[in-house]
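J.: Below is the file data_25.txt, which contains compact mmCIF, C-alpha atoms.
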```txt
# COMPACT_ATOMS: atom_id res chain seq x y z
CA MET A 97 -47.83 10.06 -40.28
CA PHE A 98 -48.47 6.32 -40.64
CA LYS A 99 -48.09 4.74 -44.08
CA VAL A 100 -51.82 3.89 -44.17
CA ASP A 101 -52.61 7.54 -43.45
CA ILE A 102 -50.25 8.68 -46.19
CA ILE A 103 -51.86 6.32 -48.70
CA GLU A 104 -55.35 7.46 -47.72
CA GLN A 105 -54.26 11.09 -48.13
CA CYS A 106 -52.72 10.26 -51.51
CA LYS A 107 -56.05 8.74 -52.57
CA GLN A 108 -57.58 12.16 -51.86
CA ASN A 109 -54.95 13.84 -54.10
CA ASN A 110 -53.03 15.38 -51.19
CA ARG A 111 -49.88 16.57 -53.01
CA LYS A 112 -47.79 16.75 -49.82
CA ALA A 113 -48.58 13.11 -49.00
CA GLN A 114 -47.86 12.10 -52.61
CA LEU A 115 -44.48 13.81 -52.46
CA GLN A 116 -43.70 12.10 -49.16
CA LEU A 117 -44.60 8.67 -50.62
CA TYR A 118 -42.61 9.44 -53.76
CA ASN A 119 -39.52 10.46 -51.77
CA GLN A 120 -39.76 7.30 -49.69
CA TYR A 121 -39.84 4.91 -52.67
CA CYS A 122 -38.22 6.68 -55.65
CA ASP A 123 -34.63 5.52 -55.04
CA GLY A 124 -35.57 1.87 -54.58
CA MET A 125 -37.82 1.87 -57.64
CA TYR A 126 -35.06 3.53 -59.69
CA ILE A 127 -32.71 0.67 -58.78
CA VAL A 128 -35.31 -1.85 -59.94
CA ALA A 129 -35.83 0.01 -63.23
CA LYS A 130 -32.07 0.35 -63.77
CA ARG A 131 -31.71 -3.46 -63.62
CA PHE A 132 -33.97 -3.71 -66.65
CA LEU A 133 -32.95 -0.61 -68.57
CA LYS A 134 -29.42 0.39 -69.50
CA ASP A 135 -29.98 4.12 -69.77
CA ALA A 136 -30.34 6.09 -66.52
CA ALA A 137 -32.66 8.63 -68.14
CA ASP A 138 -34.93 5.84 -69.41
CA ALA A 139 -35.00 4.33 -65.92
CA GLU A 140 -35.93 7.72 -64.45
CA ASP A 141 -38.69 8.16 -67.03
CA VAL A 142 -40.12 4.72 -66.33
CA VAL A 143 -40.10 5.38 -62.57
CA GLN A 144 -41.92 8.67 -63.13
CA GLU A 145 -44.51 6.93 -65.31
CA ALA A 146 -44.89 4.20 -62.70
CA PHE A 147 -45.57 6.73 -59.95
CA ILE A 148 -48.10 8.53 -62.13
CA LYS A 149 -49.86 5.24 -62.79
CA ALA A 150 -49.66 4.29 -59.11
CA PHE A 151 -51.22 7.58 -58.01
CA THR A 152 -54.00 7.32 -60.61
CA LYS A 153 -54.69 3.67 -59.72
CA LEU A 154 -54.22 4.04 -55.97
CA HIS A 155 -57.90 3.30 -55.41
CA GLN A 156 -57.10 -0.27 -56.61
CA TYR A 157 -54.47 -0.77 -53.89
CA LYS A 158 -56.06 -2.98 -51.23
CA ALA A 159 -53.07 -3.47 -48.88
CA GLU A 160 -53.00 -7.22 -49.59
CA VAL A 161 -49.26 -6.72 -50.14
CA THR A 162 -47.00 -3.90 -49.00
CA PHE A 163 -47.23 -0.67 -50.95
CA GLY A 164 -43.60 -1.13 -52.00
CA ALA A 165 -44.31 -4.56 -53.49
CA TRP A 166 -47.38 -3.20 -55.30
CA LEU A 167 -45.37 -0.29 -56.68
CA LYS A 168 -42.45 -2.55 -57.67
CA ARG A 169 -44.81 -4.65 -59.78
CA ILE A 170 -45.94 -1.48 -61.59
CA VAL A 171 -42.30 -0.47 -62.18
CA VAL A 172 -41.38 -3.93 -63.53
CA ASN A 173 -44.40 -3.91 -65.85
CA LYS A 174 -43.51 -0.42 -67.08
CA CYS A 175 -39.92 -1.57 -67.75
CA ILE A 176 -41.13 -4.56 -69.75
CA ASP A 177 -43.53 -2.35 -71.71
CA PHE A 178 -40.70 0.09 -72.38
CA LEU A 179 -38.39 -2.67 -73.60
CA LYS A 180 -41.07 -4.12 -75.83
CA ALA A 181 -41.80 -0.70 -77.28
CA LYS A 182 -38.16 0.14 -77.91
CA LYS A 183 -37.16 -3.44 -78.78
CA GLN A 184 -34.07 -3.02 -76.69
CA HIS A 185 -32.35 -6.21 -75.70
CA LEU A 186 -29.77 -4.93 -73.27
CA VAL A 187 -29.98 -5.67 -69.56
CA ALA A 188 -27.87 -3.88 -67.00
CA LEU A 189 -26.70 -6.32 -64.35
CA ASP A 190 -24.39 -5.83 -61.42
CA ALA A 191 -22.31 -8.69 -60.10
CA VAL A 192 -24.31 -8.55 -56.88
CA SER A 193 -27.58 -8.95 -58.79
CA LEU A 194 -26.81 -12.51 -59.80
CA LYS A 195 -27.48 -15.28 -57.37
CA VAL A 196 -27.49 -19.04 -57.57
CA VAL A 197 -30.94 -20.51 -57.35
CA ASP A 198 -30.86 -24.02 -55.95
CA THR A 199 -33.78 -26.09 -57.11
CA GLU A 200 -34.08 -29.73 -57.97
CA GLU A 201 -30.74 -31.47 -58.56
CA ASP A 202 -31.24 -31.70 -62.33
CA SER A 203 -32.19 -28.05 -62.79
CA LYS A 204 -29.54 -26.08 -60.87
CA TRP A 205 -28.26 -22.90 -62.42
CA LEU A 206 -24.72 -24.13 -62.91
CA VAL A 207 -22.20 -22.67 -65.33
CA ASP A 208 -18.51 -23.27 -65.83
CA ASP A 209 -16.14 -21.25 -63.65
CA THR A 210 -14.57 -19.71 -66.75
CA ILE A 211 -17.83 -17.98 -67.69
CA THR A 212 -17.69 -14.28 -66.83
CA LEU A 213 -20.45 -11.91 -65.79
CA ASN A 214 -20.23 -10.30 -69.24
CA ASP A 215 -20.77 -13.72 -70.82
CA VAL A 216 -23.90 -14.20 -68.70
CA LYS A 217 -25.16 -10.71 -69.61
CA ALA A 218 -24.60 -11.35 -73.30
CA ALA A 219 -26.31 -14.74 -73.12
CA ILE A 220 -29.35 -13.33 -71.28
CA ASN A 221 -29.57 -10.59 -73.92
CA GLU A 222 -29.67 -13.24 -76.66
CA LEU A 223 -32.64 -15.07 -75.14
CA PRO A 224 -36.02 -14.57 -76.83
CA ASP A 225 -38.16 -12.00 -74.96
CA LYS A 226 -40.56 -14.53 -73.48
CA TYR A 227 -37.67 -16.46 -71.90
CA ARG A 228 -35.53 -13.43 -71.02
CA TYR A 229 -38.27 -11.71 -69.00
CA VAL A 230 -39.07 -14.85 -66.99
CA VAL A 231 -35.36 -15.55 -66.37
CA MET A 232 -34.78 -11.95 -65.25
CA LEU A 233 -37.83 -11.86 -62.99
CA TYR A 234 -37.00 -15.23 -61.42
CA LEU A 235 -33.21 -15.17 -61.23
CA ILE A 236 -32.49 -11.47 -60.75
CA GLU A 237 -35.62 -9.97 -59.19
CA GLY A 238 -36.46 -13.04 -57.07
CA TYR A 239 -40.12 -13.36 -58.04
CA ASP A 240 -41.83 -16.75 -57.76
CA HIS A 241 -43.90 -18.30 -60.54
CA GLN A 242 -47.20 -17.02 -59.18
CA GLU A 243 -45.89 -13.44 -59.16
CA ILE A 244 -44.31 -13.83 -62.61
CA SER A 245 -47.58 -15.17 -64.00
CA GLU A 246 -49.41 -12.10 -62.69
CA ILE A 247 -46.77 -9.63 -63.93
CA LEU A 248 -46.51 -11.10 -67.43
CA ASP A 249 -50.17 -12.15 -67.63
CA ILE A 250 -49.34 -15.80 -68.28
CA THR A 251 -50.19 -18.97 -66.38
CA GLU A 252 -47.90 -20.36 -63.68
CA VAL A 253 -47.35 -23.41 -65.91
CA ALA A 254 -46.23 -21.11 -68.74
CA SER A 255 -43.89 -19.33 -66.32
CA ARG A 256 -42.32 -22.62 -65.24
CA THR A 257 -42.06 -23.82 -68.83
CA GLN A 258 -40.52 -20.57 -70.10
CA LEU A 259 -38.06 -20.51 -67.19
CA SER A 260 -37.05 -24.10 -67.89
CA ARG A 261 -36.64 -23.48 -71.61
CA GLY A 262 -34.88 -20.18 -70.97
CA LYS A 263 -32.46 -21.90 -68.60
CA VAL A 264 -31.70 -24.59 -71.20
CA LYS A 265 -31.09 -21.94 -73.88
CA LEU A 266 -28.98 -19.87 -71.48
CA GLN A 267 -26.83 -22.88 -70.57
CA LYS A 268 -26.48 -23.80 -74.24
CA LEU A 269 -25.35 -20.26 -75.10
CA LEU A 270 -22.84 -20.29 -72.24
CA THR A 271 -21.57 -23.76 -73.19
CA LEU A 272 -21.03 -22.63 -76.79
CA LYS A 273 -19.11 -19.60 -75.48
CA LYS A 274 -16.95 -21.78 -73.23
CA ASN A 275 -16.13 -24.19 -76.06
CA GLY A 276 -14.97 -21.35 -78.26
CA THR A 277 -17.51 -21.85 -81.01
CA ARG A 278 -18.93 -18.36 -80.47
CA SER A 279 -17.22 -15.04 -80.94
```
Could you write out this structure as structure tokens?

T.:
Amino acid sequence: MFKVDIIEQCKQNNRKAQLQLYNQYCDGMYIVAKRFLKDAADAEDVVQEAFIKAFTKLHQYKAEVTFGAWLKRIVVNKCIDFLKAKKQHLVALDAVSLKVVDTEEDSKWLVDDTITLNDVKAAINELPDKYRYVVMLYLIEGYDHQEISEILDITEVASRTQLSRGKVKLQKLLTLKKNGTRS
């Protein structure tokens, strides 16, 4: 069965096609949710809610992007909603999740070599929500400003501004940690 056929069958509430689509994407979407949420059960719940929303809103899917990208956006939005609702400020990161983003010379994501992954995690967790979400979506998930603006329902200018301010705050928090003025 082709993916387009599966999606069309899912639109007609074909449970077998829905299960097939679910099985194809559930593991990848769980990994995405786990990056945002510390608790595995919470990540599983969010993925389930995301699939329910995807199946109920499938008529809105126009194949302008891949189904996986469309579903990932739903999962990310559900994670952000969950975090806002629970007011949790903990982000689960793996060492492989972090990457250096090279941009203009004056805005590289540079930190001292003595800064550990745990220091970065703690600093990201201390960022205000509006900065933390943009930093996570840009640095960890790899979204561009247009995608971030759509996900968070902000303008691209706001996304760039919040990323810039978040980066400055993050670097300041990491500098304070390095200089020993923080516990």

J.: Write out as a PyMOL selection string each polymer residue whose atoms come within 9 Å of segment 221-230 of chain A, counting only C-alpha atoms; drop sequence neighbours fewer than 4 positions from it.

T.: chain A and resi 176+180+185-187+216-217+234-235+241+244+248+255-256+258-263+265-266+269

J.: In terms of the shortest atom-to-atom distance over all atoms listed in the file, which of A:Leu115, A:Ile102, A:Leu133, A:Val128 is closest to Gly238 of chain A?

T.: A:Val128

J.: Could you please determine the separation between atom CA of Asp135 of chain A and atom CA of Leu179 of chain A in Å, to one decimal place?

T.: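 Interatomic distance here is 11.5 Å.
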
J.: Which one of A:Ile127, A:Phe132, A:Val143, A:Ile148 sits closest to Gln114 of chain A if you count only C-alpha atoms?

T.: A:Ile148

J.: So how many Å separate atom CA of Ala254 of chain A and atom CA of Leu233 of chain A, to one decimal?

T.: 13.8 Å

J.: Taking all atoms listed in the file into account, which of A:Val161, A:Ala136, A:Met125, A:Ala150 comes nearest Lys107 of chain A?

T.: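 Once distances to Lys107 of chain A are computed over all atoms listed in the file, the minimum belongs to A:Ala150.
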
J.: As an exercise, work out the distance from atom CA of Trp166 of chain A to atom CA of Ile220 of chain A in Å and give it to one decimal place.

T.: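 Between these atoms lies a distance of 26.1 Å.
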
J.: Draw an axis-aligned box tight on the listed atoms of segment 222-225 of chain A, then pad every side by 4 Å and write out centre and edge lengths in Å to one decimal as AutoDock Vina command-line options.

T.:
```
--center_x -33.9 --center_y -13.5 --center_z -75.9 --size_x 16.5 --size_y 11.1 --size_z 9.9
```

J.: Using all atoms listed in the file, which of A:Glu237, A:Asp215, A:Asp249, A:Asp101 sits nearest Val171 of chain A?

T.: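 Smallest distance to Val171 of chain A is found for A:Glu237.
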
J.: For each of A:Thr257, A:Asn214, A:Gln108, A:Thr271, take the minimum atom-to-atom distance to Val231 of chain A, counting all atoms listed in the file, then give the residue where this is smallest.

T.: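 Comparing A:Thr257, A:Asn214, A:Gln108, A:Thr271 against Val231 of chain A, the winner is A:Thr257.
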
J.: If you count all atoms listed in the file, which residues fall within 12 Å of His155 of chain A, apart from same-chain ones fewer than 6 positions away, as a VMD selection string?

T.: chain A and resid 103 to 109 149

J.: Between A:Ala113, A:Leu270, A:Ile250, A:Leu167, which is the closest to Thr212 of chain A once you count all atoms listed in the file?

T.: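 Of all the options, A:Leu270 lies closest to Thr212 of chain A.
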
J.: Using only C-alpha atoms, determine which residues lie at most 10 Å from Lys168 of chain A, disregarding the query and same-chain residues fewer than 5 positions distant; provide the list as a PDB file with C-alpha atoms, keeping the file's coordinate frame.

T.:
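The new file result-v6.pdb reads:
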```pdb
ATOM      1  CA  TYR A 121     -39.840   4.910 -52.670  1.00  0.00           C
ATOM      2  CA  GLY A 124     -35.570   1.870 -54.580  1.00  0.00           C
ATOM      3  CA  MET A 125     -37.820   1.870 -57.640  1.00  0.00           C
ATOM      4  CA  TYR A 126     -35.060   3.530 -59.690  1.00  0.00           C
ATOM      5  CA  VAL A 128     -35.310  -1.850 -59.940  1.00  0.00           C
ATOM      6  CA  ALA A 129     -35.830   0.010 -63.230  1.00  0.00           C
ATOM      7  CA  VAL A 143     -40.100   5.380 -62.570  1.00  0.00           C
ATOM      8  CA  ALA A 146     -44.890   4.200 -62.700  1.00  0.00           C
ATOM      9  CA  THR A 162     -47.000  -3.900 -49.000  1.00  0.00           C
ATOM     10  CA  PHE A 163     -47.230  -0.670 -50.950  1.00  0.00           C
ATOM     11  CA  ASN A 173     -44.400  -3.910 -65.850  1.00  0.00           C
ATOM     12  CA  LYS A 174     -43.510  -0.420 -67.080  1.00  0.00           C
TER      13      LYS A 174
END
```
